[in-house]
Amino acid sequence: MFSDPGHSNGYFHHQDGGAFPERNSLRPPHRGRGRRRGRRGRSHDPADAPASGAPRVADSEQRVEQKPPPCTDFDVAYFHSYAHLGIHEEMIKDRVRTDTYRAAIMRHQSSIAGKVVVDAGAKRVYAVDASDIAVQANEVVKANNLSDTVIVLHGRVEDVEIDEEVDVIISEWMGYLLLYESMLGSVITARDRWLKPGGLILPSNATLYMAPVTHSDRYSDSIDFWRNVYGIDMSAMLPLAKQCAFEEPCIETITGENVLTWPHVVKHVDCYTVTLGELESVTTRYKFKSMMRAPLHGFAFWFDVEFNGHAISPTNNHVSSSFIESSNNQSTDVSQRKKRGNPSEALVLSTAPEDPPTHWQQTMVYFYDPIDLEQDQVIEGSLTLTQSRENRRFMNIHLEYTSGGRSFVKESVMR
């Protein structure tokens, strides 16, 4: 998606006034493994400050912009992977995702009409994409007679120039584990460069969850299979089978029946205030109590995003426990409480196991060996998610967990 580092200002130069909706791309297949990671090389990556003499946002000298990371060879390859149409087809065919974004745009029409975003009534739309799919996007704009409204900019958010402030930013930046691929940094850069005071960001906030899971069928298919292969004892393959199956996180669909407890909030993101520094490392401590007797095979991760106006952040982004004790000593699920609010208050796109499936599925971190849990047995520990020094789009996962008097550490890299 970043085909030419020197080619920043795409097909049209900016005209008079409007909002900047970030264009949504899809994620590339994960190195041909059938796991759809390496998701979308979005057209917008945080942008460096414009060169001297280049057109700038109206009051840019009053803005405090965080310097984004430079474009690396990893970024170039990443953007290039998003030139493949199949990635975009996968995301557009995700009806949960696409219909929710459409509903969000329609719900916020009063903030969009006459300004600049992707739907009816928008005054102008800047569609930014760093991959070569921008070429086809521009042809789609022409074919639908929208050239006077939609301006396609081929380049990174760091590099393209818009000489006006924008009213709205719409971006589908979420990766597996919410933060994988580091595309939220692009939204932060666009916000700090161009968004008007009081402007709208969609989605407005996001929350990453984790919960312990049991998944005996998955473990049996991948591991126990080798104990007896057509009557042959191949258990010597077990250590290698565990490493191959569970060394890296897996992208799979599970159900609510696999989840052993209420979820824990790993990270809450307010898109109006989040900073680049917050994304470099996220750490949380958790404590779960199993609701049933079952083998613990690992942890599942999922997220939801809300399409509100200015978000109201919780006082504590990292909930120290997956439970909130109510006055009658009944445990209340944090995420479920939020979803049970007045439907008119928030539009939510959820990737939770109990909700309709999406192309994000759930992210699974499996143990090499399961832990047998009794009902009400406690599982506690800590989780750290860190941008890889090798490639900031990769994510290092450091998971510590203790249960039944035994302590473990699981480290993996999401590439």
# chains A, B, ... in the order shown; residues from 1 in each chain; ligands from 1
$ residues_around --residues "stretch 285-297 of chain A" --least-positions-apart "4" --cutoff "10 Å" --atoms "only C-alpha atoms" --output "CSV table (one decimal) with N, CA, C and O atoms, in the first residue's frame"
chain,number,residue,atom,x,y,z
A,210,MET,N,-9.8,-10.1,27.9
A,210,MET,CA,-9.2,-11.4,27.9
A,210,MET,C,-10.0,-12.3,28.9
A,210,MET,O,-10.7,-11.8,29.8
A,211,ALA,N,-10.0,-13.6,28.7
A,211,ALA,CA,-10.6,-14.6,29.6
A,211,ALA,C,-10.0,-15.9,29.4
A,211,ALA,O,-9.6,-16.3,28.3
A,212,PRO,N,-10.0,-16.7,30.5
A,212,PRO,CA,-9.5,-18.1,30.4
A,212,PRO,C,-10.5,-19.0,29.6
A,212,PRO,O,-11.7,-18.8,29.7
A,213,VAL,N,-10.0,-19.9,28.9
A,213,VAL,CA,-10.9,-20.8,28.0
A,213,VAL,C,-10.5,-22.2,28.2
A,213,VAL,O,-9.4,-22.6,28.5
A,214,THR,N,-11.5,-23.1,27.9
A,214,THR,CA,-11.3,-24.5,27.8
A,214,THR,C,-11.7,-24.9,26.3
A,214,THR,O,-12.6,-24.4,25.8
A,215,HIS,N,-10.8,-25.7,25.7
A,215,HIS,CA,-11.1,-26.1,24.3
A,215,HIS,C,-10.5,-27.5,24.0
A,215,HIS,O,-9.5,-27.6,23.3
A,216,SER,N,-11.1,-28.5,24.6
A,216,SER,CA,-10.6,-29.8,24.5
A,216,SER,C,-10.6,-30.4,23.1
A,216,SER,O,-9.6,-31.1,22.7
A,218,ARG,N,-10.0,-28.7,20.3
A,218,ARG,CA,-8.9,-28.2,19.6
A,218,ARG,C,-7.6,-28.8,20.0
A,218,ARG,O,-6.7,-29.2,19.2
A,219,TYR,N,-7.5,-29.1,21.3
A,219,TYR,CA,-6.2,-29.7,21.8
A,219,TYR,C,-6.2,-31.1,21.3
A,219,TYR,O,-5.1,-31.6,20.9
A,258,ASN,N,-16.9,-22.0,25.6
A,258,ASN,CA,-15.5,-22.2,25.9
A,258,ASN,C,-14.9,-21.3,27.0
A,258,ASN,O,-13.8,-21.6,27.5
A,259,VAL,N,-15.7,-20.3,27.3
A,259,VAL,CA,-15.1,-19.3,28.2
A,259,VAL,C,-15.5,-19.7,29.7
A,259,VAL,O,-16.6,-20.0,30.0
A,260,LEU,N,-14.5,-19.6,30.5
A,260,LEU,CA,-14.6,-20.1,31.9
A,260,LEU,C,-15.0,-19.1,32.9
A,260,LEU,O,-15.4,-19.4,34.0
A,261,THR,N,-14.9,-17.8,32.6
A,261,THR,CA,-15.2,-16.7,33.6
A,261,THR,C,-15.7,-15.5,32.8
A,261,THR,O,-15.6,-15.5,31.6
A,262,TRP,N,-16.1,-14.5,33.6
A,262,TRP,CA,-16.3,-13.2,33.0
A,262,TRP,C,-15.0,-12.6,32.5
A,262,TRP,O,-13.9,-12.9,33.0
A,263,PRO,N,-15.0,-11.8,31.5
A,263,PRO,CA,-13.7,-11.3,30.9
A,263,PRO,C,-13.1,-10.2,31.8
A,263,PRO,O,-13.8,-9.6,32.6
A,264,HIS,N,-11.9,-9.9,31.6
A,264,HIS,CA,-11.1,-8.9,32.2
A,264,HIS,C,-10.8,-7.8,31.2
A,264,HIS,O,-10.4,-8.1,30.0
A,265,VAL,N,-10.9,-6.6,31.5
A,265,VAL,CA,-10.5,-5.5,30.6
A,265,VAL,C,-9.0,-5.3,30.6
A,265,VAL,O,-8.4,-5.0,31.7
A,266,VAL,N,-8.4,-5.5,29.5
A,266,VAL,CA,-6.9,-5.4,29.3
A,266,VAL,C,-6.6,-3.9,29.1
A,266,VAL,O,-5.6,-3.4,29.7
A,318,HIS,N,-7.4,-0.1,33.4
A,318,HIS,CA,-7.0,-1.5,33.7
A,318,HIS,C,-7.8,-2.0,34.9
A,318,HIS,O,-7.4,-1.7,36.0
A,319,VAL,N,-8.9,-2.7,34.6
A,319,VAL,CA,-9.7,-3.2,35.7
A,319,VAL,C,-8.9,-4.3,36.4
A,319,VAL,O,-8.4,-5.2,35.8
A,320,SER,N,-8.7,-4.2,37.7
A,320,SER,CA,-7.8,-5.1,38.4
A,320,SER,C,-8.4,-6.5,38.6
A,320,SER,O,-7.6,-7.4,38.9
A,321,SER,N,-9.6,-6.7,38.4
A,321,SER,CA,-10.3,-8.0,38.5
A,321,SER,C,-11.3,-8.1,37.4
A,321,SER,O,-11.9,-7.1,36.9
A,322,SER,N,-11.6,-9.4,37.0
A,322,SER,CA,-12.7,-9.6,36.0
A,322,SER,C,-14.0,-9.5,36.7
A,322,SER,O,-15.0,-9.6,36.0
A,323,PHE,N,-14.1,-9.3,38.0
A,323,PHE,CA,-15.4,-9.2,38.7
A,323,PHE,C,-15.5,-7.8,39.3
A,323,PHE,O,-14.5,-7.2,39.8
A,364,MET,N,-6.3,-16.5,20.2
A,364,MET,CA,-6.1,-17.5,21.3
A,364,MET,C,-4.6,-17.6,21.6
A,364,MET,O,-3.8,-17.7,20.7
A,365,VAL,N,-4.3,-17.6,22.9
A,365,VAL,CA,-3.0,-17.9,23.3
A,365,VAL,C,-3.1,-19.2,24.1
A,365,VAL,O,-3.6,-19.3,25.2
A,366,TYR,N,-2.7,-20.3,23.5
A,366,TYR,CA,-2.8,-21.6,24.1
A,366,TYR,C,-1.6,-22.0,24.9
A,366,TYR,O,-0.4,-21.6,24.6
A,367,PHE,N,-1.8,-22.8,26.0
A,367,PHE,CA,-0.7,-23.3,26.8
A,367,PHE,C,-0.2,-24.6,26.1
A,367,PHE,O,-0.9,-25.2,25.3
A,368,TYR,N,1.1,-25.0,26.3
A,368,TYR,CA,1.5,-26.2,25.7
A,368,TYR,C,0.9,-27.4,26.4
A,368,TYR,O,0.7,-28.5,25.8
A,369,ASP,N,0.6,-27.3,27.7
A,369,ASP,CA,-0.1,-28.3,28.5
A,369,ASP,C,-1.3,-27.7,29.3
A,369,ASP,O,-1.1,-26.7,29.9
A,370,PRO,N,-2.4,-28.3,29.2
A,370,PRO,CA,-3.6,-27.7,30.0
A,370,PRO,C,-3.4,-27.9,31.5
A,370,PRO,O,-2.6,-28.7,32.0
A,371,ILE,N,-4.2,-27.1,32.2
A,371,ILE,CA,-4.2,-27.1,33.7
A,371,ILE,C,-5.6,-27.5,34.1
A,371,ILE,O,-6.6,-27.0,33.7
A,372,ASP,N,-5.7,-28.6,34.9
A,372,ASP,CA,-7.0,-29.0,35.4
A,372,ASP,C,-7.5,-28.1,36.5
A,372,ASP,O,-6.9,-27.9,37.5
A,373,LEU,N,-8.7,-27.5,36.2
A,373,LEU,CA,-9.3,-26.5,37.2
A,373,LEU,C,-10.5,-27.2,37.9
A,373,LEU,O,-11.2,-27.9,37.3
A,374,GLU,N,-10.6,-26.8,39.1
A,374,GLU,CA,-11.8,-27.1,39.9
A,374,GLU,C,-12.7,-25.9,39.8
A,374,GLU,O,-12.3,-24.7,39.6
A,375,GLN,N,-14.0,-26.0,40.1
A,375,GLN,CA,-14.9,-24.9,40.1
A,375,GLN,C,-14.4,-23.9,41.2
A,375,GLN,O,-14.0,-24.4,42.3
A,376,ASP,N,-14.5,-22.7,41.0
A,376,ASP,CA,-14.1,-21.6,41.8
A,376,ASP,C,-12.5,-21.5,42.0
A,376,ASP,O,-12.1,-20.7,42.9
A,377,GLN,N,-11.8,-22.3,41.3
A,377,GLN,CA,-10.3,-22.2,41.4
A,377,GLN,C,-9.8,-20.9,40.8
A,377,GLN,O,-10.3,-20.4,39.8
A,378,VAL,N,-8.9,-20.2,41.4
A,378,VAL,CA,-8.4,-18.9,41.0
A,378,VAL,C,-7.3,-19.0,40.0
A,378,VAL,O,-6.4,-19.9,40.1
A,379,ILE,N,-7.3,-18.2,39.0
A,379,ILE,CA,-6.2,-18.1,38.0
A,379,ILE,C,-5.8,-16.6,38.0
A,379,ILE,O,-6.7,-15.7,37.8
A,380,GLU,N,-4.6,-16.3,38.3
A,380,GLU,CA,-4.2,-14.9,38.4
A,380,GLU,C,-2.8,-14.8,37.8
A,380,GLU,O,-2.0,-15.7,37.6
A,381,GLY,N,-2.5,-13.5,37.4
A,381,GLY,CA,-1.2,-13.3,36.8
A,381,GLY,C,-1.1,-11.9,36.2
A,381,GLY,O,-1.9,-11.0,36.5
A,382,SER,N,-0.3,-11.8,35.1
A,382,SER,CA,-0.1,-10.5,34.5
A,382,SER,C,0.1,-10.7,33.0
A,382,SER,O,0.5,-11.8,32.5
A,383,LEU,N,-0.2,-9.7,32.2
A,383,LEU,CA,-0.1,-9.7,30.8
A,383,LEU,C,0.6,-8.4,30.3
A,383,LEU,O,0.3,-7.3,30.8
A,384,THR,N,1.6,-8.6,29.4
A,384,THR,CA,2.2,-7.4,28.8
A,384,THR,C,2.3,-7.6,27.3
A,384,THR,O,2.7,-8.6,26.8
A,399,LEU,N,3.0,-13.5,29.0
A,399,LEU,CA,1.9,-13.9,29.9
A,399,LEU,C,2.4,-14.7,31.1
A,399,LEU,O,3.1,-15.7,30.9
A,400,GLU,N,2.1,-14.2,32.3
A,400,GLU,CA,2.4,-14.9,33.5
A,400,GLU,C,1.1,-15.4,34.1
A,400,GLU,O,0.2,-14.6,34.2
A,401,TYR,N,1.0,-16.6,34.6
A,401,TYR,CA,-0.2,-17.1,35.2
A,401,TYR,C,0.1,-18.1,36.3
A,401,TYR,O,1.1,-18.9,36.2
A,402,THR,N,-0.7,-18.1,37.3
A,402,THR,CA,-0.5,-19.0,38.5
A,402,THR,C,-1.9,-19.6,38.8
A,402,THR,O,-2.9,-18.8,38.8
A,403,SER,N,-1.9,-20.9,39.1
A,403,SER,CA,-3.1,-21.5,39.5
A,403,SER,C,-2.8,-22.8,40.3
A,403,SER,O,-1.9,-23.5,39.8
$ atom_distance --atom1 "atom CA of A:His84" --atom2 "atom CA of A:His154"
15.5 Å
$ closest_residue --among "A:Met234, A:Glu164, A:Leu178, A:Glu252" --to "A:Arg193" --atoms "only C-alpha atoms"
A:Glu164
$ atom_distance --atom1 "atom CA of A:Asn138" --atom2 "atom CA of A:Glu306"
29.2 Å
$ atom_distance --atom1 "atom CA of A:Ile112" --atom2 "atom CA of A:Asp167"
7.7 Å
$ select_by_dssp --residues "stretch 87-223 of chain A" --states "alpha helix (DSSP H)" --output "number ranges by chain"
A: 87-92, 95-107, 109-112, 133-143, 184-194, 216-222
$ closest_residue --among "A:Asp99, A:Asp94, A:Asp192, A:Asp159" --to "A:Tyr272" --atoms "only C-alpha atoms"
A:Asp192
$ residues_around --residues "A:Pro239" --least-positions-apart "5" --cutoff "12 Å" --atoms "only C-alpha atoms" --output "MDAnalysis selection string"
chainID A and resid 222:224 226:227 234 244:247 368:369
$ write_last_selection --atoms "all heavy atoms" --output "compact mmCIF listing (two decimals), in the first residue's frame"
# COMPACT_ATOMS: atom_id res chain seq x y z
N SER A 222 -5.11 -31.30 17.58
CA SER A 222 -3.74 -30.91 17.28
C SER A 222 -2.69 -31.75 18.00
O SER A 222 -1.59 -31.95 17.47
CB SER A 222 -3.53 -29.43 17.64
OG SER A 222 -4.40 -28.60 16.91
N ILE A 223 -3.01 -32.24 19.20
CA ILE A 223 -1.99 -32.89 20.04
C ILE A 223 -2.29 -34.37 20.25
O ILE A 223 -1.49 -35.24 19.90
CB ILE A 223 -1.89 -32.18 21.40
CG1 ILE A 223 -1.66 -30.67 21.20
CG2 ILE A 223 -0.77 -32.80 22.22
CD1 ILE A 223 -0.45 -30.31 20.39
N ASP A 224 -3.44 -34.68 20.80
CA ASP A 224 -3.75 -36.08 21.12
C ASP A 224 -3.78 -36.98 19.89
O ASP A 224 -3.59 -38.20 19.99
CB ASP A 224 -5.08 -36.16 21.87
CG ASP A 224 -5.01 -35.52 23.24
OD1 ASP A 224 -3.89 -35.42 23.78
OD2 ASP A 224 -6.06 -35.12 23.77
N TRP A 226 -1.60 -37.46 17.79
CA TRP A 226 -0.31 -38.11 17.57
C TRP A 226 -0.07 -39.30 18.51
O TRP A 226 0.88 -40.07 18.31
CB TRP A 226 0.83 -37.10 17.74
CG TRP A 226 0.78 -36.04 16.69
CD1 TRP A 226 0.30 -34.77 16.83
CD2 TRP A 226 1.19 -36.17 15.33
NE1 TRP A 226 0.38 -34.09 15.64
CE2 TRP A 226 0.94 -34.93 14.70
CE3 TRP A 226 1.76 -37.20 14.58
CZ2 TRP A 226 1.22 -34.70 13.37
CZ3 TRP A 226 2.04 -36.98 13.24
CH2 TRP A 226 1.78 -35.74 12.65
N ARG A 227 -0.93 -39.48 19.49
CA ARG A 227 -0.73 -40.60 20.41
C ARG A 227 -1.02 -41.95 19.74
O ARG A 227 -0.42 -42.97 20.09
CB ARG A 227 -1.62 -40.42 21.64
CG ARG A 227 -1.32 -39.16 22.43
CD ARG A 227 -2.16 -39.06 23.68
NE ARG A 227 -2.03 -37.76 24.32
CZ ARG A 227 -1.01 -37.41 25.11
NH1 ARG A 227 -0.04 -38.27 25.36
NH2 ARG A 227 -0.98 -36.20 25.65
N MET A 234 2.84 -42.60 17.80
CA MET A 234 3.68 -41.50 17.32
C MET A 234 3.80 -40.42 18.38
O MET A 234 3.99 -39.24 18.08
CB MET A 234 3.11 -40.92 16.02
CG MET A 234 3.07 -41.93 14.88
SD MET A 234 2.60 -41.22 13.29
CE MET A 234 4.02 -40.18 12.93
N CYS A 244 4.48 -26.51 17.30
CA CYS A 244 3.94 -26.05 16.02
C CYS A 244 2.52 -25.50 16.16
O CYS A 244 2.16 -24.53 15.50
CB CYS A 244 3.95 -27.20 15.01
SG CYS A 244 5.61 -27.72 14.49
N ALA A 245 1.73 -26.13 17.03
CA ALA A 245 0.33 -25.73 17.15
C ALA A 245 0.15 -24.49 18.01
O ALA A 245 -0.75 -23.67 17.74
CB ALA A 245 -0.49 -26.89 17.71
N PHE A 246 0.98 -24.33 19.05
CA PHE A 246 0.67 -23.35 20.07
C PHE A 246 1.78 -22.34 20.36
O PHE A 246 1.64 -21.52 21.26
CB PHE A 246 0.30 -24.06 21.38
CG PHE A 246 -0.85 -25.01 21.24
CD1 PHE A 246 -0.85 -26.24 21.89
CD2 PHE A 246 -1.95 -24.68 20.46
CE1 PHE A 246 -1.92 -27.11 21.77
CE2 PHE A 246 -3.02 -25.56 20.32
CZ PHE A 246 -3.00 -26.77 20.98
N GLU A 247 2.87 -22.37 19.60
CA GLU A 247 3.95 -21.42 19.87
C GLU A 247 3.49 -19.99 19.64
O GLU A 247 3.80 -19.08 20.41
CB GLU A 247 5.16 -21.73 18.99
CG GLU A 247 6.34 -20.79 19.23
CD GLU A 247 7.55 -21.15 18.40
OE1 GLU A 247 7.40 -21.87 17.39
OE2 GLU A 247 8.66 -20.70 18.75
N TYR A 368 1.06 -24.97 26.30
CA TYR A 368 1.54 -26.23 25.75
C TYR A 368 0.89 -27.42 26.44
O TYR A 368 0.67 -28.47 25.83
CB TYR A 368 3.07 -26.32 25.87
CG TYR A 368 3.79 -25.33 24.98
CD1 TYR A 368 4.67 -24.39 25.53
CD2 TYR A 368 3.58 -25.30 23.61
CE1 TYR A 368 5.32 -23.47 24.73
CE2 TYR A 368 4.22 -24.39 22.79
CZ TYR A 368 5.10 -23.47 23.35
OH TYR A 368 5.74 -22.57 22.55
N ASP A 369 0.56 -27.26 27.71
CA ASP A 369 -0.11 -28.31 28.48
C ASP A 369 -1.25 -27.70 29.27
O ASP A 369 -1.08 -26.66 29.91
CB ASP A 369 0.86 -29.01 29.43
CG ASP A 369 1.98 -29.73 28.70
OD1 ASP A 369 1.68 -30.74 28.04
OD2 ASP A 369 3.14 -29.27 28.79
$ closest_residue --among "A:Ala103, A:His108, A:Val76, A:Asp163" --to "A:Ala130" --atoms "only C-alpha atoms"
A:Val76
$ closest_residue --among "A:Ala113, A:Ala134, A:Cys71, A:Ile105" --to "A:Ser171" --atoms "only C-alpha atoms"
A:Ile105
